[in-house]
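**Q** Mind having a look at this structure? Questions to follow.
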Amino acid sequence: MSTEVDARESFDTVATLDRARRLIRLYESAGIDRNRILIKIASTWEGIKAAEVLEREGIHCNLTLIFGFYQAVACADAGATLISPFVGRILDYYKKATGKTYAPHEDPGVVSVTRIFNYFKKYHYKTIVMGASFRSKEEVIELAGCDRLTISPQYLGELGAMKEPSQKLLRKLDPRSLGDVDIPRVEGLNEAKFRWELNGNC
């Protein structure tokens, strides 16, 4: 079960910690083990720092509202259980900013999640990558093989209707295909660098 911390606390680490712990206490008082719960937290610097503490307490976190690579890396460095980068919302931004349309393999959201997935696998992070917020079945097809995908009933239906052999759904993301691919390691990701990279990614 996923339960979201109030978005108004996204820039307050202490408030996020207090709310997350209270939610876990409520679940546990109802007889629900914390291992069944994901606390959903915005991937601000403050939210990521809160998640780092919560994960050490055995409280699993889904860090959401991820729009860029350095957010994802900071989440993985913090030991987050799961991240949910927003594929379609990244595409929305680029379409509005550039006026362009993108082929599925060039879709900025697809490119972003592919980069994150490959980086996590190259450096053996345990954090689960769950692509979310899709705008077409083609985005889903391009990210086949990602750890998790949240797919709407509409796109599941469209995928299920693909009957021709040429339409066979193939795995696009595969850690075994990385081999000796050069993926530079991010070093020294502190708050200043995080904010600089996040602002520069807008």
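Note on naming: chains are A, B, ... as they come in the structure tokens, residues start from 1 per chain, ligands start from 1 in the order shown.
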Could you find all residues in range 88-165 of chain A that DSSP calls strand (DSSP E) from the backbone, and write them as an MDAnalysis selection string?
**A** chainID A and resid 128:131 148:149
**Q** Hey, can you spit out that residue selection with C-alpha atoms as a tab-separated table (two decimals), in the first residue's frame?
**A**
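To be explicit, this is the file written out as out-v9.tsv:
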chain	number	residue	atom	x	y	z
A	128	ILE	CA	13.57	-0.03	-7.78
A	129	VAL	CA	12.89	2.13	-10.85
A	130	MET	CA	9.15	2.38	-11.53
A	131	GLY	CA	8.30	4.42	-14.63
A	148	ARG	CA	8.28	-1.69	-12.55
A	149	LEU	CA	5.86	0.30	-14.70
**Q** Mind checking which residues fall within 12 Å of Gly160 in chain A, counting only C-alpha atoms, ignoring those fewer than 6 positions away in the same chain, and posting them as a VMD selection string?
**A** chain A and resid 137 141 153 to 154 167 to 169
**Q** Using C-alpha atoms, can you export the residues from the last selection as a short mmCIF file (atom, residue, chain, number, x, y, z; two decimals), in the first residue's frame?
**A**
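Now in result.cif:
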data_model
loop_
_atom_site.label_atom_id
_atom_site.label_comp_id
_atom_site.auth_asym_id
_atom_site.auth_seq_id
_atom_site.Cartn_x
_atom_site.Cartn_y
_atom_site.Cartn_z
CA LYS A 137 1.68 2.68 -25.22
CA ILE A 141 7.11 -0.41 -25.17
CA PRO A 153 -6.00 0.04 -18.23
CA GLN A 154 -6.18 1.84 -21.59
CA GLN A 167 4.37 -6.21 -32.77
CA LYS A 168 5.89 -8.59 -30.25
CA LEU A 169 6.78 -6.81 -27.04
#
**Q** Which polymer residues have any atom within 7 Å of an atom of Glu4 in chain A, counting only C-alpha atoms, with same-chain residues fewer than 2 positions away left out, as a tab-separated table (two decimals) with C-alpha atoms, in the first residue's frame?
**A**
chain	number	residue	atom	x	y	z
A	2	SER	CA	1.24	3.47	-0.87
A	6	ASP	CA	1.19	15.89	2.52
A	39	ILE	CA	5.51	6.08	2.17
A	40	LYS	CA	5.32	8.36	-0.86
A	41	ILE	CA	7.51	11.46	-0.58
**Q** Any idea what the distance is between CA of Glu158 in chain A and CA of Ser136 in chain A?
**A** 9.5 Å
**Q** Leaving out Cys75 in chain A and any residue of its chain fewer than 3 positions from it, which residues lie within 9 Å of it when counting only C-alpha atoms, given as a PyMOL selection string?
**A** chain A and resi 43+48-49+51-52+63+70-72+78-83+127
**Q** Restricting the calculation to only C-alpha atoms, which member of A:Leu159, A:Val111, A:Ile151, A:Ala132 is positioned closest to Phe69 in chain A?
**A**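 For Phe69 in chain A, the nearest of the candidates is A:Val111.
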**Q** Apply DSSP to the backbone of this structure and, from chain A, keep only the residues in alpha helix (DSSP H); write these as a PyMOL selection string.
**A** chain A and resi 13-29+45-56+69-77+87-98+108-122+137-142+153-160+191-200
**Q** Return the single residue from A:Leu189, A:Met1, A:Ala7, A:Ala42 that is closest to His60 in chain A, with distances computed using only C-alpha atoms.
**A**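 Smallest separation from His60 in chain A among the options: A:Met1.
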**Q** Could you name the residues that touch range 23-28 of chain A at 9 Å or less, counting only C-alpha atoms, but leaving out those on the same chain fewer than 4 positions away, as a tab-separated table (two decimals) with C-alpha atoms, in the first residue's frame?
**A**
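Saved result, result16.tsv, follows:
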chain	number	residue	atom	x	y	z
A	3	THR	CA	0.42	6.44	1.32
A	5	VAL	CA	2.96	12.52	2.80
A	18	ASP	CA	6.87	13.19	11.72
A	19	ARG	CA	4.08	12.57	9.21
A	32	ILE	CA	-0.70	-3.88	9.17
A	33	ASP	CA	3.03	-4.56	9.04
A	34	ARG	CA	5.24	-1.69	7.86
A	37	ILE	CA	3.62	0.07	3.23
A	39	ILE	CA	5.51	6.08	2.17
A	59	ILE	CA	10.13	2.38	6.70
**Q** Show which residues sit within 10 Å of Glu191 in chain A, as a PyMOL selection string. Count only C-alpha atoms, and ignore same-chain residues fewer than 6 positions away.
**A** chain A and resi 45-46+49+74+197
**Q** Quick one: write out the picked residues with C-alpha atoms as a short mmCIF file (atom, residue, chain, number, x, y, z; two decimals), in the first residue's frame?
**A**
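Output contents, as saved in again.cif:
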data_model
loop_
_atom_site.label_atom_id
_atom_site.label_comp_id
_atom_site.auth_asym_id
_atom_site.auth_seq_id
_atom_site.Cartn_x
_atom_site.Cartn_y
_atom_site.Cartn_z
CA TRP A 45 16.36 17.56 -1.14
CA GLU A 46 14.44 17.69 2.15
CA LYS A 49 16.97 13.37 3.44
CA ALA A 74 20.27 11.28 -4.80
CA GLU A 197 21.73 20.25 -11.38
#
**Q** Return the single residue from A:Ile116, A:Lys121, A:Cys61, A:Leu54 that is closest to Gly179 in chain A, with distances computed using only C-alpha atoms.
**A** A:Lys121
**Q** Tell me, as a short mmCIF file (atom, residue, chain, number, x, y, z; two decimals) with C-alpha atoms, in the first residue's frame, which residues lie within 10 Å of Pro184 in chain A, counting only C-alpha atoms; anything in the same chain fewer than 5 positions away does not count.
**A**
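Once everything was written out, this is around-v9.cif:
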data_model
loop_
_atom_site.label_atom_id
_atom_site.label_comp_id
_atom_site.auth_asym_id
_atom_site.auth_seq_id
_atom_site.Cartn_x
_atom_site.Cartn_y
_atom_site.Cartn_z
CA TYR A 119 22.99 3.90 -14.06
CA LYS A 122 25.69 -0.40 -13.62
CA TYR A 123 26.43 0.57 -10.03
#
**Q** From the options A:Arg135, A:Arg176, A:Arg21, A:Arg185, which residue's atoms come nearest to Arg89 in chain A, counting only C-alpha atoms?
**A**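 Nearest candidate to Arg89 in chain A out of A:Arg135, A:Arg176, A:Arg21, A:Arg185: A:Arg135.
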**Q** Nearest to Leu38 in chain A among A:Ile90, A:Ala20, A:Ile66, A:Val73, with distances taken over only C-alpha atoms: which residue is it?
**A**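 Between A:Ile90, A:Ala20, A:Ile66, A:Val73, the residue approaching Leu38 in chain A most closely is A:Ala20.
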